[in-house]
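One structure below.
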Amino acid sequence: MIAVKMTVQGLLIYVAMAEYLLAFVAMVLARRRLGWILYAAGFVAAATAVVYRAVHVGHVPLQNLFDVFLALGMLMPLLSLFCRRVLHVGGESADAIIAMGVLFPAGFVERFSEALVPLRPALQSPLFVPHVAVYLAAYVIMAKAAVAAVAVILGGRTEIAPGSPGPSYKKKGTFPLLPANLAMHRLVCMGMGLLTAGLILGAMWGKRAWGDWWNWDPKEMWSLACWLVYVGYFHFRVTFRRRNPRAEAGFVVAGIVFIIITLLWANLSRLFAGLHSYA
Amino acid sequence: MPLSLAGILLLVVLCVVSAFLGADRAGAMFNSTPLVVFWGVLALLLAVGLGRRKVLRSPGLAAMHLGGLLVIAGGAWGSDLAHDVRAGWLEREKFPDGQMNLFTHLAPHMIYSRVSVAAGPGQHVGQLPFNLRLNNAWVEYHPSGGSQWELCGVVHDPPGRPPIHQEMDGQIGRVNHFAAAGVDVKVLCYDTDIPAVKLELSHGRDRVIGWVTAGPNAEFERLSLESVFADESFWLRAGGPVILLMPPPRIISDYKADLTVVDTAGRELKQKIIEVNDPLHFGGYHVYLARFDEHSGVLGLHLKSDEGLYWVYAGFGLVWLGLIIRLWLGPAWRALRRHRAETTEEAVR
């Protein structure tokens, strides 16, 4: 059920969403400076929402899907900045609309409630926050990679011919951006480390909490399948010597589909009742 | 390489299929004979990959492949099948997992060592190489606030018919109209120590202030409305309207048990308070607090063998380290070298 949440928390989410949407529009209309200002304002609103939530619940807010979507909405601009400055990957307009999209369930879906629920014993582990936080960052980066992958599939600018010099980073203050194919690969490389860390931390937490590092839980199986899709991406690149960028992009798109299934369906569907059915 | 890719994609399909089966059936499927063969083939592919020159030359790739091998090997070594094989061939009496029930009313005198399977009564899987003594077990609760208490008005009139319940808003300052009794009920304040709630009851010009007190273990306490309507014969009948106060539901924050490991001679070897997320590790087993029923005093422990666990952890570490070296540090180092080379070129010009 869709509902408007007339609370302080809800209003902060709506402000952030509006600012992200305006940022997207400004960037698409090539008003980049205005777009970045609005994007930053959206981050401030989202961060305020997360801090408000943390004060309200009395612990780091990563307990349920409401908290996860809220944190994702805050994380997006930070990752955009990191991707541009460090990885030389652009696409902030897509990031802004993704940020708005991930806040939508927290802001409008009644099922994702902001009601105060004290932490259950199993969620009080010191491994809980790193496990969820690392997965959040990985999901966001893989979502960006999927956007680049779609650009590759649709015939976007692919990698520079082998042997050519790489992008020049000589000019101070400028950040030359990578073409879609290279951007996709760089983002997958970044996200893979985080995805692996999330999987390992989850296994270690499972051992401490439930007695086994692998419980064959449906969400664990979907998470492993998702990780293996990206392992398959790397093996495909080596096997076919990077001659098939569209097929590589197909792996990346499949990966984000698995992530969406893991995040939403595996958590919510009665089809997959298990240890992770806490949202 | 194509074989490795095929193996990976097949594993993806198996993971998706198993997600629809549920945890128990998925576990049974992945431990069935055909899939044991599959795991062996996967391990072989990893070993072959590890032997390739390109992989051996790259620390990151080598670490990832070795790590994957260790995870599969550790998982296999710790499996139920491997335990059975060792028990049969090597006469190593170590069970993969089991359950124990301990009783708080026998603490701290009873010593436990036999381990059973919870599936059926009297099913015995083994004996621990040490004894356990339960000193105490308890439940901890999150602190509760007064706004979560439940106020309810009940009228049993007319007799013989089901009572009329009316839920009320327990927030301080709220005025509830108890329709069946024609009374306004206003919540003035709460006392969380006792616990109790102070109410103002009004009917026309009559006004009464009273406390409804709930005991810590009582389900509810009741306040009669007779004092508000002292001159009304209506309220003198049995089953007159009352207001009930239900204490807020207590939410469990943790289960804890104080255990001591004791040897056959009665010497204490280790003492630990176990809780969720913090098991006892001793003698090749992890001891988990599985369940605790305060009313019956039964504490359920889950025991798990640690065979193969540290190979798995080593494998995790190598896989992650290998990924970081190959995907993060390597490209960063190459970018830095390229930047230095370009800077040097500029300086030369």
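Here's how to read the names in the structure tokens: chain A, B, ... by the order shown, residue numbers from 1 in each chain, ligand numbers from 1 in the order shown.
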Write out as a PyMOL selection string all residues of range 16-171 of chain A that DSSP puts in helix (DSSP H, G or I) for this structure's backbone.
chain A and resi 16-28+32-57+65-87+92-108+121-124+128-153
Should the cut-off be 8 Å, what would the residue list for chain B against chain A look like, counting only C-alpha atoms, as a PyMOL selection string?
chain B and resi 1-2+4-5+8-9+11-13+15-16+18-20+22-24+26-27+142+251-255+276-279+286+288+302-304+316+320+323-324+327-328+339+342-343
Using only C-alpha atoms, which residues sit within 10 Å of Gln9 in chain A once same-chain residues fewer than 2 positions away are excluded, as a list of chain:residue names?
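Skipping anything fewer than 2 positions along the chain leaves A:Lys5, A:Met6, A:Thr7, A:Leu11, A:Leu12, A:Ile13, A:Tyr14, A:Ala46, A:Thr48, A:Ala49, A:Val50, A:Tyr52, A:Arg53, A:His56, A:Ala106, A:Gly107, A:Glu114.
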Between CA of Arg243 in chain A and CA of Lys54 in chain B, distance in Å (one decimal):
19.3 Å
Shell of 10 Å around range 24-28 of chain A, only C-alpha atoms, local chain residues under 4 positions omitted, as JSON, numbers by chain:
{"A": [18, 19, 20, 32, 33, 34, 35, 36, 37, 38, 39, 91, 92, 93, 94, 95, 96, 97, 98, 99, 100]}
Write the residues of the selection above to a file with N, CA and C atoms, as a compact mmCIF listing (two decimals), in the first residue's frame.
```txt
# COMPACT_ATOMS: atom_id res chain seq x y z
N ALA A 18 12.92 15.13 -3.61
CA ALA A 18 12.66 16.26 -4.50
C ALA A 18 13.97 16.86 -4.99
N GLU A 19 14.92 16.98 -4.09
CA GLU A 19 16.21 17.56 -4.48
C GLU A 19 16.95 16.65 -5.45
N TYR A 20 16.88 15.35 -5.24
CA TYR A 20 17.53 14.42 -6.17
C TYR A 20 16.88 14.51 -7.55
N ARG A 32 25.13 21.69 -15.03
CA ARG A 32 25.87 20.77 -14.16
C ARG A 32 26.11 21.37 -12.77
N ARG A 33 26.46 22.65 -12.75
CA ARG A 33 26.77 23.27 -11.45
C ARG A 33 25.53 23.26 -10.56
N LEU A 34 24.40 23.68 -11.15
CA LEU A 34 23.14 23.68 -10.39
C LEU A 34 22.79 22.25 -9.98
N GLY A 35 23.01 21.32 -10.92
CA GLY A 35 22.72 19.92 -10.63
C GLY A 35 23.51 19.40 -9.44
N TRP A 36 24.80 19.73 -9.37
CA TRP A 36 25.63 19.28 -8.25
C TRP A 36 25.21 19.94 -6.94
N ILE A 37 24.81 21.20 -7.03
CA ILE A 37 24.35 21.89 -5.80
C ILE A 37 23.10 21.21 -5.26
N LEU A 38 22.18 20.89 -6.17
CA LEU A 38 20.93 20.23 -5.74
C LEU A 38 21.23 18.81 -5.23
N TYR A 39 22.18 18.15 -5.88
CA TYR A 39 22.56 16.79 -5.48
C TYR A 39 23.13 16.82 -4.05
N GLY A 91 28.27 9.77 -14.84
CA GLY A 91 26.91 9.20 -14.74
C GLY A 91 26.15 9.68 -13.53
N GLU A 92 26.44 10.92 -13.08
CA GLU A 92 25.79 11.38 -11.84
C GLU A 92 24.29 11.61 -12.04
N SER A 93 23.89 11.90 -13.27
CA SER A 93 22.45 12.11 -13.48
C SER A 93 21.70 10.81 -13.21
N ALA A 94 22.26 9.70 -13.67
CA ALA A 94 21.64 8.39 -13.37
C ALA A 94 21.71 8.11 -11.88
N ASP A 95 22.81 8.49 -11.24
CA ASP A 95 22.95 8.29 -9.79
C ASP A 95 21.85 9.05 -9.03
N ALA A 96 21.58 10.27 -9.48
CA ALA A 96 20.57 11.08 -8.79
C ALA A 96 19.21 10.42 -8.88
N ILE A 97 18.89 9.89 -10.04
CA ILE A 97 17.57 9.26 -10.18
C ILE A 97 17.52 7.92 -9.43
N ILE A 98 18.66 7.23 -9.36
CA ILE A 98 18.73 5.99 -8.56
C ILE A 98 18.53 6.35 -7.08
N ALA A 99 19.17 7.42 -6.64
CA ALA A 99 19.04 7.85 -5.23
C ALA A 99 17.59 8.16 -4.91
N MET A 100 16.91 8.84 -5.83
CA MET A 100 15.49 9.15 -5.63
C MET A 100 14.69 7.85 -5.60
```
Which polymer residues have any atom within 7 Å of an atom of Met142 in chain A, counting only C-alpha atoms, with same-chain residues fewer than 3 positions away left out, as a PyMOL selection string?
chain A and resi 138-139+145-146+187-188+191+256
What gap, in Å, lies between CA of Asn135 in chain B and CA of Ala257 in chain B?
7.6 Å
